[in-house]
$ cat entry-v7.cif   # mmCIF, C-alpha atoms and all ligand atoms
data_final
#
loop_
_atom_site.label_atom_id
_atom_site.label_comp_id
_atom_site.auth_asym_id
_atom_site.auth_seq_id
_atom_site.Cartn_x
_atom_site.Cartn_y
_atom_site.Cartn_z
CA MET H 213 0.00 0.00 0.00
CA GLU H 214 3.00 2.40 -0.19
CA LYS H 215 1.68 3.15 -3.63
CA PHE H 216 -1.21 4.90 -1.88
CA GLU H 217 1.07 7.23 0.09
CA SER H 218 3.31 8.04 -2.87
CA GLY H 219 0.29 8.65 -5.10
CA MET H 220 -1.28 10.95 -2.53
CA ALA H 221 2.00 12.84 -2.10
CA GLU H 222 2.26 13.33 -5.86
CA LEU H 223 -1.31 14.61 -6.17
CA LEU H 224 -1.01 16.83 -3.09
CA GLU H 225 2.29 18.20 -4.42
CA VAL H 226 4.46 17.32 -1.40
CA ASP H 227 7.44 14.96 -0.90
CA THR H 228 5.81 12.65 1.64
CA VAL H 229 2.50 12.33 3.48
CA ASP H 230 1.68 11.08 7.01
CA ALA H 231 -1.40 9.13 8.02
CA SER H 232 -2.35 11.95 10.39
CA ASP H 233 -2.11 14.72 7.75
CA VAL H 234 -5.44 16.50 7.31
CA LEU H 235 -6.51 16.54 3.65
CA GLU H 236 -7.98 20.02 3.73
CA GLY H 237 -4.78 21.29 5.35
CA PHE H 238 -2.64 20.79 2.24
CA GLU H 239 -1.80 23.90 0.28
CA ALA H 240 -2.66 22.09 -2.98
CA TRP H 241 -6.06 21.00 -1.65
CA ASP H 242 -8.90 22.17 -3.87
CA SER H 243 -11.81 20.75 -5.86
CA LEU H 244 -9.45 19.78 -8.69
CA THR H 245 -7.12 17.88 -6.37
CA SER H 246 -10.10 16.13 -4.86
CA LEU H 247 -11.21 15.07 -8.36
CA SER H 248 -7.70 13.81 -9.05
CA ILE H 249 -7.69 11.77 -5.84
CA ILE H 250 -11.07 10.24 -6.71
CA ALA H 251 -9.73 9.26 -10.16
CA PHE H 252 -6.49 7.89 -8.65
CA ILE H 253 -8.42 5.68 -6.22
CA ASP H 254 -10.78 4.47 -8.92
CA GLU H 255 -7.94 3.69 -11.31
CA ASN H 256 -5.68 1.91 -8.80
CA TYR H 257 -8.09 0.24 -6.37
CA GLY H 258 -11.27 -0.11 -8.41
CA VAL H 259 -13.11 1.70 -5.64
CA SER H 260 -15.39 4.66 -6.17
CA VAL H 261 -15.42 7.36 -3.51
CA SER H 262 -17.30 10.67 -3.60
CA ALA H 263 -16.11 14.17 -2.79
CA ASN H 264 -18.18 13.93 0.40
CA ASP H 265 -16.33 10.70 1.34
CA LEU H 266 -13.04 12.59 1.11
CA VAL H 267 -14.25 15.32 3.43
CA ALA H 268 -15.63 12.74 5.87
CA ALA H 269 -12.37 10.72 5.85
CA LYS H 270 -10.55 13.87 7.03
CA THR H 271 -6.95 12.56 7.01
CA VAL H 272 -4.69 10.65 4.61
CA GLY H 273 -4.90 7.66 6.98
CA GLY H 274 -8.68 7.93 7.25
CA LEU H 275 -8.96 7.88 3.48
CA LYS H 276 -6.64 4.89 3.20
CA ASP H 277 -8.80 2.97 5.70
CA LEU H 278 -11.91 3.84 3.73
CA VAL H 279 -10.35 2.66 0.47
CA LEU H 280 -9.16 -0.60 2.08
CA THR H 281 -12.58 -1.30 3.57
CA LYS H 282 -14.34 -0.58 0.30
CA ALA H 283 -11.82 -2.64 -1.68
CA LYS H 284 -12.39 -5.63 0.64
CA LYS H 285 -16.16 -5.44 0.19
CA ALA H 286 -15.89 -5.27 -3.60
CA MET X 192 -39.86 8.27 -51.63
CA ASP X 193 -42.45 6.61 -49.46
CA GLY X 194 -42.47 8.80 -46.34
CA ASN X 195 -43.66 5.88 -44.21
CA LYS X 196 -40.37 4.07 -44.72
CA GLU X 197 -38.24 6.98 -43.56
CA TYR X 198 -36.49 6.72 -40.21
CA ILE X 199 -34.61 8.87 -37.73
CA LEU X 200 -31.52 7.25 -36.24
CA ILE X 201 -30.90 8.33 -32.63
CA THR X 202 -27.68 7.21 -30.95
CA GLY X 203 -27.61 7.07 -27.15
CA ALA X 204 -31.38 6.55 -26.98
CA THR X 205 -31.07 4.43 -23.83
CA SER X 206 -30.55 7.24 -21.35
CA GLY X 207 -31.11 10.86 -20.38
CA ILE X 208 -31.41 13.34 -23.22
CA GLY X 209 -31.36 10.69 -25.98
CA CYS X 210 -34.23 8.78 -24.38
CA SER X 211 -36.29 11.95 -24.02
CA ILE X 212 -35.64 12.86 -27.68
CA ALA X 213 -36.64 9.35 -28.76
CA VAL X 214 -39.87 9.29 -26.78
CA ASN X 215 -40.91 12.73 -28.07
CA LEU X 216 -39.97 12.05 -31.71
CA SER X 217 -41.74 8.67 -31.70
CA ARG X 218 -45.05 10.52 -31.90
CA SER X 219 -44.24 11.72 -35.42
CA TYR X 220 -41.47 9.59 -36.91
CA ASN X 221 -40.27 6.00 -37.37
CA LEU X 222 -37.17 5.53 -35.23
CA ILE X 223 -34.00 3.49 -35.10
CA LEU X 224 -33.08 3.47 -31.43
CA HIS X 225 -29.38 2.96 -30.82
CA GLY X 226 -27.76 1.81 -27.58
CA ARG X 227 -25.23 -0.71 -26.38
CA ASP X 228 -27.44 -2.54 -23.90
CA GLU X 229 -30.31 -4.73 -25.07
CA GLU X 230 -32.36 -4.38 -21.89
CA LYS X 231 -32.08 -0.60 -21.80
CA LEU X 232 -33.04 -0.46 -25.49
CA GLU X 233 -36.19 -2.45 -24.77
CA LYS X 234 -37.02 -0.03 -21.94
CA THR X 235 -36.73 3.00 -24.22
CA LYS X 236 -38.78 1.19 -26.87
CA ALA X 237 -41.55 0.54 -24.35
CA LEU X 238 -41.67 4.26 -23.46
CA CYS X 239 -42.06 5.26 -27.11
CA ASP X 240 -45.31 5.77 -29.00
CA GLN X 241 -46.11 2.36 -30.46
CA GLY X 242 -47.91 3.70 -33.55
CA LYS X 243 -44.74 4.07 -35.62
CA HIS X 244 -42.00 1.63 -36.61
CA LEU X 245 -39.30 1.18 -33.98
CA VAL X 246 -36.06 -0.62 -34.87
CA LEU X 247 -33.34 -1.39 -32.32
CA TYR X 248 -29.65 -1.07 -33.17
CA ARG X 249 -27.08 -2.29 -30.66
CA ALA X 250 -23.46 -1.21 -31.08
CA ASP X 251 -20.56 -0.18 -28.88
CA LEU X 252 -19.53 3.16 -30.36
CA ALA X 253 -16.09 2.89 -28.76
CA ALA X 254 -15.39 0.00 -31.18
CA SER X 255 -14.75 2.37 -34.10
CA GLY X 256 -13.46 -0.35 -36.44
CA GLU X 257 -16.73 -2.27 -36.57
CA LEU X 258 -19.14 0.61 -36.82
CA GLU X 259 -19.37 1.18 -40.57
CA SER X 260 -20.05 -2.44 -41.46
CA SER X 261 -22.50 -3.02 -38.61
CA LEU X 262 -24.62 0.02 -39.51
CA ALA X 263 -24.51 -0.60 -43.26
CA GLY X 264 -25.50 -4.23 -42.54
CA LEU X 265 -28.51 -3.21 -40.47
CA ILE X 266 -29.72 -0.74 -43.11
CA THR X 267 -29.45 -3.15 -46.04
CA GLU X 268 -30.78 -6.21 -44.22
CA GLN X 269 -33.87 -4.40 -43.01
CA GLY X 270 -34.29 -2.17 -46.08
CA LEU X 271 -34.31 1.04 -44.02
CA GLN X 272 -34.12 4.59 -45.36
CA ILE X 273 -32.70 7.04 -42.85
CA ALA X 274 -33.72 10.66 -43.42
CA HIS X 275 -32.46 12.18 -40.18
CA PHE X 276 -29.66 11.40 -37.73
CA VAL X 277 -29.31 12.62 -34.14
CA HIS X 278 -25.99 11.81 -32.45
CA CYS X 279 -26.77 11.94 -28.76
CA ALA X 280 -24.50 9.19 -27.44
CA GLY X 281 -21.70 10.74 -25.47
CA TYR X 282 -18.92 9.94 -23.03
CA MET X 283 -17.78 12.31 -20.31
CA LYS X 284 -15.14 11.74 -17.68
CA MET X 285 -13.93 14.76 -15.74
CA LEU X 286 -10.22 14.27 -15.16
CA PRO X 287 -7.60 16.85 -14.28
CA LEU X 288 -4.58 16.64 -16.61
CA LYS X 289 -2.46 15.01 -13.87
CA VAL X 290 -4.61 11.88 -13.89
CA LEU X 291 -5.81 11.99 -17.49
CA THR X 292 -5.22 8.68 -19.29
CA LEU X 293 -4.78 7.76 -22.94
CA GLU X 294 -7.82 5.47 -22.58
CA THR X 295 -10.05 8.36 -21.51
CA ILE X 296 -8.91 10.61 -24.35
CA GLN X 297 -9.39 7.84 -26.90
CA ARG X 298 -12.82 6.83 -25.61
CA SER X 299 -14.02 10.45 -25.52
CA PHE X 300 -13.04 10.99 -29.13
CA ALA X 301 -14.24 7.56 -30.31
CA VAL X 302 -17.76 7.92 -28.92
CA ASN X 303 -18.22 11.68 -29.29
CA VAL X 304 -16.49 12.41 -32.61
CA ILE X 305 -15.36 9.35 -34.59
CA ALA X 306 -18.68 7.52 -34.28
CA ALA X 307 -20.63 10.61 -35.39
CA THR X 308 -18.40 11.11 -38.42
CA LEU X 309 -18.42 7.46 -39.54
CA ILE X 310 -22.20 7.24 -39.15
CA VAL X 311 -22.71 10.27 -41.41
CA LYS X 312 -20.31 8.63 -43.87
CA VAL X 313 -22.38 5.44 -43.98
CA LEU X 314 -25.66 7.37 -44.19
CA THR X 315 -24.47 9.26 -47.26
CA GLN X 316 -23.25 6.21 -49.19
CA ARG X 317 -25.73 6.15 -52.06
CA LYS X 318 -25.84 2.39 -52.30
CA VAL X 319 -26.61 2.08 -48.59
CA ASN X 320 -28.84 5.05 -47.85
CA ASN X 321 -30.00 7.72 -50.25
CA ALA X 322 -32.44 9.53 -47.98
CA LEU X 323 -30.37 11.60 -45.55
CA LYS X 324 -31.64 15.18 -45.20
CA SER X 325 -30.61 16.48 -41.80
CA VAL X 326 -28.23 15.71 -38.98
CA VAL X 327 -28.05 17.07 -35.43
CA PHE X 328 -25.06 16.46 -33.19
CA ILE X 329 -25.51 16.88 -29.45
CA SER X 330 -22.41 18.79 -28.45
CA SER X 331 -22.04 20.78 -25.20
CA ASN X 332 -21.86 24.43 -24.21
CA ILE X 333 -18.29 23.74 -23.10
CA SER X 334 -17.36 23.33 -26.79
CA ASN X 335 -16.53 27.04 -27.17
CA PHE X 336 -15.16 27.57 -23.67
CA GLY X 337 -12.89 25.96 -21.08
CA ALA X 338 -13.11 24.46 -17.61
CA LYS X 339 -10.81 22.58 -15.27
CA ALA X 340 -10.78 18.79 -15.73
CA PHE X 341 -12.65 19.02 -19.04
CA SER X 342 -9.84 18.85 -21.62
CA ALA X 343 -10.75 15.43 -23.08
CA TYR X 344 -14.50 16.04 -23.14
CA ALA X 345 -14.44 19.66 -24.31
CA GLY X 346 -11.75 18.84 -26.85
CA SER X 347 -13.94 16.11 -28.30
CA LYS X 348 -17.06 18.31 -28.42
CA ALA X 349 -15.14 21.14 -30.12
CA ALA X 350 -13.87 18.58 -32.64
CA LEU X 351 -17.43 17.35 -33.16
CA ASP X 352 -18.58 20.89 -33.94
CA ALA X 353 -15.69 21.34 -36.38
CA VAL X 354 -16.69 18.13 -38.16
CA MET X 355 -20.28 19.41 -38.24
CA LYS X 356 -19.24 22.66 -39.97
CA CYS X 357 -17.01 20.92 -42.52
CA LEU X 358 -19.65 18.35 -43.47
CA ALA X 359 -22.32 21.06 -43.62
CA VAL X 360 -20.33 22.60 -46.46
CA GLU X 361 -19.28 19.32 -48.04
CA LEU X 362 -22.75 17.73 -48.08
CA ALA X 363 -24.81 20.80 -49.03
CA PRO X 364 -27.37 21.24 -50.44
CA LYS X 365 -28.60 17.67 -49.92
CA VAL X 366 -27.84 17.30 -46.21
CA ARG X 367 -27.98 19.94 -43.46
CA LEU X 368 -25.91 19.53 -40.28
CA ASN X 369 -26.17 21.52 -37.04
CA SER X 370 -25.27 21.00 -33.40
CA VAL X 371 -27.09 21.64 -30.17
CA LEU X 372 -24.95 22.71 -27.21
CA PRO X 373 -26.77 21.96 -23.94
CA GLY X 374 -25.90 23.29 -20.52
CA ALA X 375 -26.00 21.03 -17.45
CA ILE X 376 -29.08 18.79 -17.29
CA PRO X 377 -29.69 16.12 -14.63
CA THR X 378 -29.04 12.70 -16.25
CA GLU X 379 -26.92 9.62 -15.59
CA MET X 380 -23.92 11.50 -17.01
CA THR X 381 -24.19 14.32 -14.49
CA LYS X 382 -25.44 12.39 -11.46
CA ASP X 383 -22.27 13.06 -9.47
CA ILE X 384 -22.55 16.79 -10.11
CA PHE X 385 -26.28 16.98 -9.35
CA GLY X 386 -25.89 14.63 -6.36
CA ASN X 387 -23.94 17.31 -4.49
CA LYS X 388 -26.33 20.00 -3.22
CA GLU X 389 -23.59 22.53 -2.61
CA VAL X 390 -22.31 22.18 -6.17
CA VAL X 391 -25.85 22.42 -7.58
CA ASP X 392 -26.62 25.60 -5.64
CA ARG X 393 -23.38 27.21 -6.80
CA MET X 394 -24.03 26.09 -10.38
CA LEU X 395 -27.64 27.23 -10.55
CA ALA X 396 -26.61 30.73 -9.51
CA ASP X 397 -24.91 30.95 -12.91
CA TYR X 398 -28.04 29.90 -14.86
CA PRO X 399 -30.22 33.00 -15.48
CA LEU X 400 -33.18 30.80 -16.49
CA GLY X 401 -32.63 28.22 -13.74
CA MET X 402 -32.45 24.48 -14.24
CA GLY X 403 -33.07 22.92 -17.66
CA GLU X 404 -34.45 19.52 -18.57
CA ALA X 405 -34.00 16.99 -21.38
CA GLY X 406 -37.23 18.14 -23.07
CA ASP X 407 -35.64 21.57 -23.65
CA ILE X 408 -33.03 19.91 -25.85
CA PHE X 409 -35.66 17.91 -27.74
CA GLU X 410 -37.46 21.13 -28.81
CA MET X 411 -34.35 22.44 -30.56
CA VAL X 412 -33.55 19.05 -32.11
CA ASN X 413 -37.11 18.75 -33.41
CA PHE X 414 -36.80 22.12 -35.16
CA LEU X 415 -33.37 21.38 -36.62
CA ILE X 416 -34.25 18.02 -38.15
CA SER X 417 -37.46 19.38 -39.68
CA ASP X 418 -37.90 21.36 -42.90
CA LYS X 419 -38.72 24.43 -40.80
CA SER X 420 -34.96 24.93 -40.58
CA ARG X 421 -34.40 24.35 -44.31
CA TRP X 422 -32.12 27.42 -44.68
CA ILE X 423 -30.00 26.69 -41.61
CA THR X 424 -26.82 24.60 -41.72
CA GLY X 425 -23.40 24.48 -40.08
CA GLN X 426 -24.51 26.21 -36.87
CA GLN X 427 -24.06 25.69 -33.15
CA PHE X 428 -27.23 26.26 -31.12
CA VAL X 429 -26.59 26.85 -27.43
CA VAL X 430 -29.48 25.73 -25.21
CA ASP X 431 -28.28 26.44 -21.70
CA GLY X 432 -30.64 28.83 -19.96
CA GLY X 433 -28.20 31.67 -20.59
CA ARG X 434 -25.33 30.04 -18.66
CA SER X 435 -22.61 30.76 -21.17
CA ILE X 436 -23.45 34.44 -21.76
CA ASN X 437 -23.67 35.22 -18.05
CA LEU X 438 -20.69 37.33 -16.99
CA SER X 439 -22.09 38.39 -13.59
CA ALA X 440 -19.49 38.20 -10.86
N1 LIG P 1 -26.44 15.99 -19.21
C1 LIG P 1 -25.79 17.12 -19.44
O1 LIG P 1 -25.67 17.96 -18.56
C2 LIG P 1 -25.19 17.38 -20.80
C3 LIG P 1 -24.68 18.67 -21.05
C4 LIG P 1 -24.12 18.93 -22.28
C5 LIG P 1 -24.07 17.95 -23.25
N2 LIG P 1 -24.55 16.72 -22.98
C6 LIG P 1 -24.48 15.72 -24.06
O2 LIG P 1 -25.76 15.16 -24.26
C7 LIG P 1 -25.63 13.82 -24.73
C8 LIG P 1 -26.50 12.90 -23.89
O3 LIG P 1 -26.01 12.94 -22.56
P1 LIG P 1 -26.88 12.48 -21.30
O4 LIG P 1 -26.71 13.54 -20.29
O5 LIG P 1 -28.22 12.07 -21.72
O6 LIG P 1 -25.97 11.26 -20.80
P2 LIG P 1 -26.34 9.74 -20.44
O7 LIG P 1 -27.62 9.70 -19.71
O8 LIG P 1 -25.13 9.22 -19.78
O9 LIG P 1 -26.52 9.07 -21.87
C9 LIG P 1 -25.42 8.82 -22.70
C10 LIG P 1 -25.83 7.87 -23.82
O10 LIG P 1 -24.69 7.53 -24.61
C11 LIG P 1 -24.56 6.11 -24.66
N3 LIG P 1 -23.17 5.68 -24.77
C12 LIG P 1 -22.12 6.05 -23.99
N4 LIG P 1 -21.02 5.39 -24.37
C13 LIG P 1 -21.37 4.57 -25.39
C14 LIG P 1 -20.67 3.61 -26.17
N5 LIG P 1 -19.38 3.35 -25.99
N6 LIG P 1 -21.36 2.95 -27.13
C15 LIG P 1 -22.67 3.18 -27.31
N7 LIG P 1 -23.39 4.05 -26.60
C16 LIG P 1 -22.74 4.75 -25.65
C17 LIG P 1 -25.18 5.65 -23.35
O11 LIG P 1 -25.50 4.27 -23.38
P3 LIG P 1 -25.83 3.48 -21.99
O12 LIG P 1 -27.25 3.79 -21.66
O13 LIG P 1 -25.62 2.05 -22.33
O14 LIG P 1 -24.89 3.98 -20.96
C18 LIG P 1 -26.39 6.56 -23.27
O15 LIG P 1 -27.41 6.11 -24.11
C19 LIG P 1 -24.15 13.48 -24.68
O16 LIG P 1 -23.57 13.64 -25.95
C20 LIG P 1 -23.60 14.53 -23.73
O17 LIG P 1 -22.23 14.77 -23.97
C21 LIG P 1 -25.12 16.39 -21.77
#
$ encode --input "entry-v7.cif" --output "structure tokens"
Amino acid sequence: MEKFESGMAELLEVDTVDASDVLEGFEAWDSLTSLSIIAFIDENYGVSVSANDLVAAKTVGGLKDLVLTKAKKA
Amino acid sequence: MDGNKEYILITGATSGIGCSIAVNLSRSYNLILHGRDEEKLEKTKALCDQGKHLVLYRADLAASGELESSLAGLITEQGLQIAHFVHCAGYMKMLPLKVLTLETIQRSFAVNVIAATLIVKVLTQRKVNNALKSVVFISSNISNFGAKAFSAYAGSKAALDAVMKCLAVELAPKVRLNSVLPGAIPTEMTKDIFGNKEVVDRMLADYPLGMGEAGDIFEMVNFLISDKSRWITGQQFVVDGGRSINLSA
């Protein structure tokens, strides 16, 4: 799952991300980045998440958990 | 020509705007309903007026290589004469450039542009179909503008409109071609956008005439395929409740 962290870092335009990092706290966070993250998750994990899911997941770690749970169910 | 044998081909008749156009046109014309899913095609057929002829045509428009022969085959086998063509099938995926893929670009152009062009080609082959009079492409009001995450979709719709103008000149005076450029309308394609109340509220503020519906697009299509528009070709008709001329801050 390191792919998740490196993908998130790339999309959020930083070198590395931590599980506790708050999504809305990133300087690059905007509606476009959120769209990119949705597409990245869909493409790589076959899981569809909404913009509201991202907000509710709050942190990088929270989002990863959500993706893992959804991927298991699928 | 026996008017009773003349058909309108509608691509993307299985959903949203295409389904609405099909149901409304079925009151006055014979239709060839196109889709890629048998069950959905039957559903649209059941919604249509049953007084006219209804033919179903199933084809994946992303499979560009098979399109010409499959359509020509259908027309000759069933002895159809197609007088009007409405290209309503469309593919939209909003992707910022960072995550844009070759597959998305290719699919957008295959369904939105290549299919439309090849279908007009088949419909103007004299041995296959000698009845074509008018064509309407469903484009989008983004065609003449820009928006984040829309490069593949808007690029394909702008290309569609360019094809429309070229063929309008090339095929005149026998065939007229125009496009309709809708603004946002709640359908399967836009369910993510319309599913978010905050986004909808923000969006509607930009629509001077408020929210539109699929029937608003049908009205323009109906005019453009008919002889009432006999001196109109090669034009883009924006039907978007004033969205794209609104410069209010
Ligand atoms: N809704 C809007 O806000 C809006 C705004 C501007 C322009 N438009 C344009 O209006 C047209 C209709 O859109 P809509 O909103 O009614 O969308 P929709 O409900 O998603 O319908 C799209 C139609 O295209 C068909 N289609 C998609 N990919 C296909 C493929 N590979 N092969 C064959 N058929 C395919 C779909 O078939 P299935 O039923 O099998 O999926 C469906 O019939 C599109 O050209 C769209 O770009 C829509």
$ closest_residue --input "entry-v7.cif" --among "X:Gly264, X:Pro287, X:Pro373, X:Gly281" --to "chain H" --atoms "all atoms listed in the file"
X:Pro287
$ residues_near_ligand --input "entry-v7.cif" --ligand "ligand LIG 1 (chain P)" --cutoff "7 Å" --atoms "all atoms listed in the file" --output "PyMOL selection string"
chain X and resi 202-209+226-228+231+250-253+279-283+302-303+329-332+372-381
$ closest_atom_pairs --input "entry-v7.cif" --of "chain H" --to "chain X" --cutoff "9 Å" --atoms "only C-alpha atoms" --output "CSV"
residue,atom,partner,partner_atom,distance
H:Leu223,CA,X:Lys289,CA,7.8
H:Leu244,CA,X:Pro287,CA,6.6
H:Thr245,CA,X:Pro287,CA,8.0
H:Leu247,CA,X:Leu286,CA,6.9
H:Ser248,CA,X:Pro287,CA,6.1
H:Ile249,CA,X:Val290,CA,8.6
H:Ala251,CA,X:Val290,CA,6.9
H:Phe252,CA,X:Val290,CA,6.8
H:Ser262,CA,X:Asp383,CA,8.1
H:Ala263,CA,X:Asn387,CA,8.6
H:Asn264,CA,X:Asn387,CA,8.3
$ residues_around --input "entry-v7.cif" --residues "segment 232-246 of chain X" --least-positions-apart "5" --cutoff "9 Å" --atoms "all atoms listed in the file" --output "PyMOL selection string"
chain X and resi 195-196+198+204-206+210-211+213-227
$ closest_residue --input "entry-v7.cif" --among "H:Ala286, H:Met220, H:Val272, H:Leu235" --to "Gly258 of chain H" --atoms "only C-alpha atoms"
H:Ala286
$ atom_distance --input "entry-v7.cif" --atom1 "atom CA of Ser435 of chain X" --atom2 "atom CA of Asp418 of chain X"
28.2 Å
$ residues_around --input "entry-v7.cif" --residues "Val412 of chain X" --least-positions-apart "6" --cutoff "10 Å" --atoms "all atoms listed in the file" --output "CSV table (one decimal) with C-alpha atoms, in the frame of the given file"
chain,number,residue,atom,x,y,z
X,212,ILE,CA,-35.6,12.9,-27.7
X,216,LEU,CA,-40.0,12.0,-31.7
X,277,VAL,CA,-29.3,12.6,-34.1
X,326,VAL,CA,-28.2,15.7,-39.0
X,327,VAL,CA,-28.0,17.1,-35.4
X,328,PHE,CA,-25.1,16.5,-33.2
X,329,ILE,CA,-25.5,16.9,-29.4
X,369,ASN,CA,-26.2,21.5,-37.0
X,370,SER,CA,-25.3,21.0,-33.4
X,371,VAL,CA,-27.1,21.6,-30.2
X,406,GLY,CA,-37.2,18.1,-23.1
X,428,PHE,CA,-27.2,26.3,-31.1
$ decode --input "entry-v7.cif" --residues "segment 242-249 of chain H" --atoms "all heavy atoms" --output "tab-separated table (two decimals), in the first residue's frame"
chain	number	residue	atom	x	y	z
H	242	ASP	N	-7.77	21.44	-3.30
H	242	ASP	CA	-8.90	22.17	-3.87
H	242	ASP	C	-9.80	21.16	-4.59
H	242	ASP	O	-9.53	19.96	-4.55
H	242	ASP	CB	-8.45	23.30	-4.80
H	242	ASP	CG	-7.67	22.81	-6.01
H	242	ASP	OD1	-7.59	21.57	-6.22
H	242	ASP	OD2	-7.14	23.64	-6.75
H	243	SER	N	-10.84	21.66	-5.25
H	243	SER	CA	-11.81	20.75	-5.86
H	243	SER	C	-11.14	19.90	-6.96
H	243	SER	O	-11.51	18.76	-7.20
H	243	SER	CB	-12.98	21.53	-6.43
H	243	SER	OG	-12.52	22.40	-7.43
H	244	LEU	N	-10.13	20.49	-7.60
H	244	LEU	CA	-9.45	19.78	-8.69
H	244	LEU	C	-8.60	18.63	-8.13
H	244	LEU	O	-8.59	17.53	-8.66
H	244	LEU	CB	-8.55	20.78	-9.43
H	244	LEU	CG	-8.22	20.42	-10.86
H	244	LEU	CD1	-9.48	20.33	-11.70
H	244	LEU	CD2	-7.28	21.46	-11.45
H	245	THR	N	-7.92	18.92	-7.01
H	245	THR	CA	-7.12	17.88	-6.37
H	245	THR	C	-8.04	16.76	-5.87
H	245	THR	O	-7.72	15.58	-5.99
H	245	THR	CB	-6.31	18.47	-5.20
H	245	THR	OG1	-5.51	19.52	-5.71
H	245	THR	CG2	-5.43	17.42	-4.56
H	246	SER	N	-9.19	17.15	-5.35
H	246	SER	CA	-10.10	16.13	-4.86
H	246	SER	C	-10.59	15.24	-6.01
H	246	SER	O	-10.67	14.03	-5.89
H	246	SER	CB	-11.21	16.80	-4.02
H	246	SER	OG	-12.46	16.63	-4.58
H	247	LEU	N	-10.84	15.86	-7.16
H	247	LEU	CA	-11.21	15.07	-8.36
H	247	LEU	C	-10.08	14.11	-8.76
H	247	LEU	O	-10.32	12.97	-9.13
H	247	LEU	CB	-11.43	16.01	-9.54
H	247	LEU	CG	-12.84	16.33	-9.99
H	247	LEU	CD1	-12.79	17.24	-11.20
H	247	LEU	CD2	-13.57	15.05	-10.35
H	248	SER	N	-8.86	14.63	-8.68
H	248	SER	CA	-7.70	13.81	-9.05
H	248	SER	C	-7.56	12.62	-8.11
H	248	SER	O	-7.26	11.50	-8.55
H	248	SER	CB	-6.41	14.64	-9.00
H	248	SER	OG	-6.49	15.73	-9.88
H	249	ILE	N	-7.80	12.85	-6.82
H	249	ILE	CA	-7.69	11.77	-5.84
H	249	ILE	C	-8.77	10.71	-6.10
H	249	ILE	O	-8.51	9.51	-6.06
H	249	ILE	CB	-7.77	12.33	-4.40
H	249	ILE	CG1	-6.51	13.16	-4.11
H	249	ILE	CG2	-7.92	11.21	-3.37
H	249	ILE	CD1	-6.52	13.91	-2.78
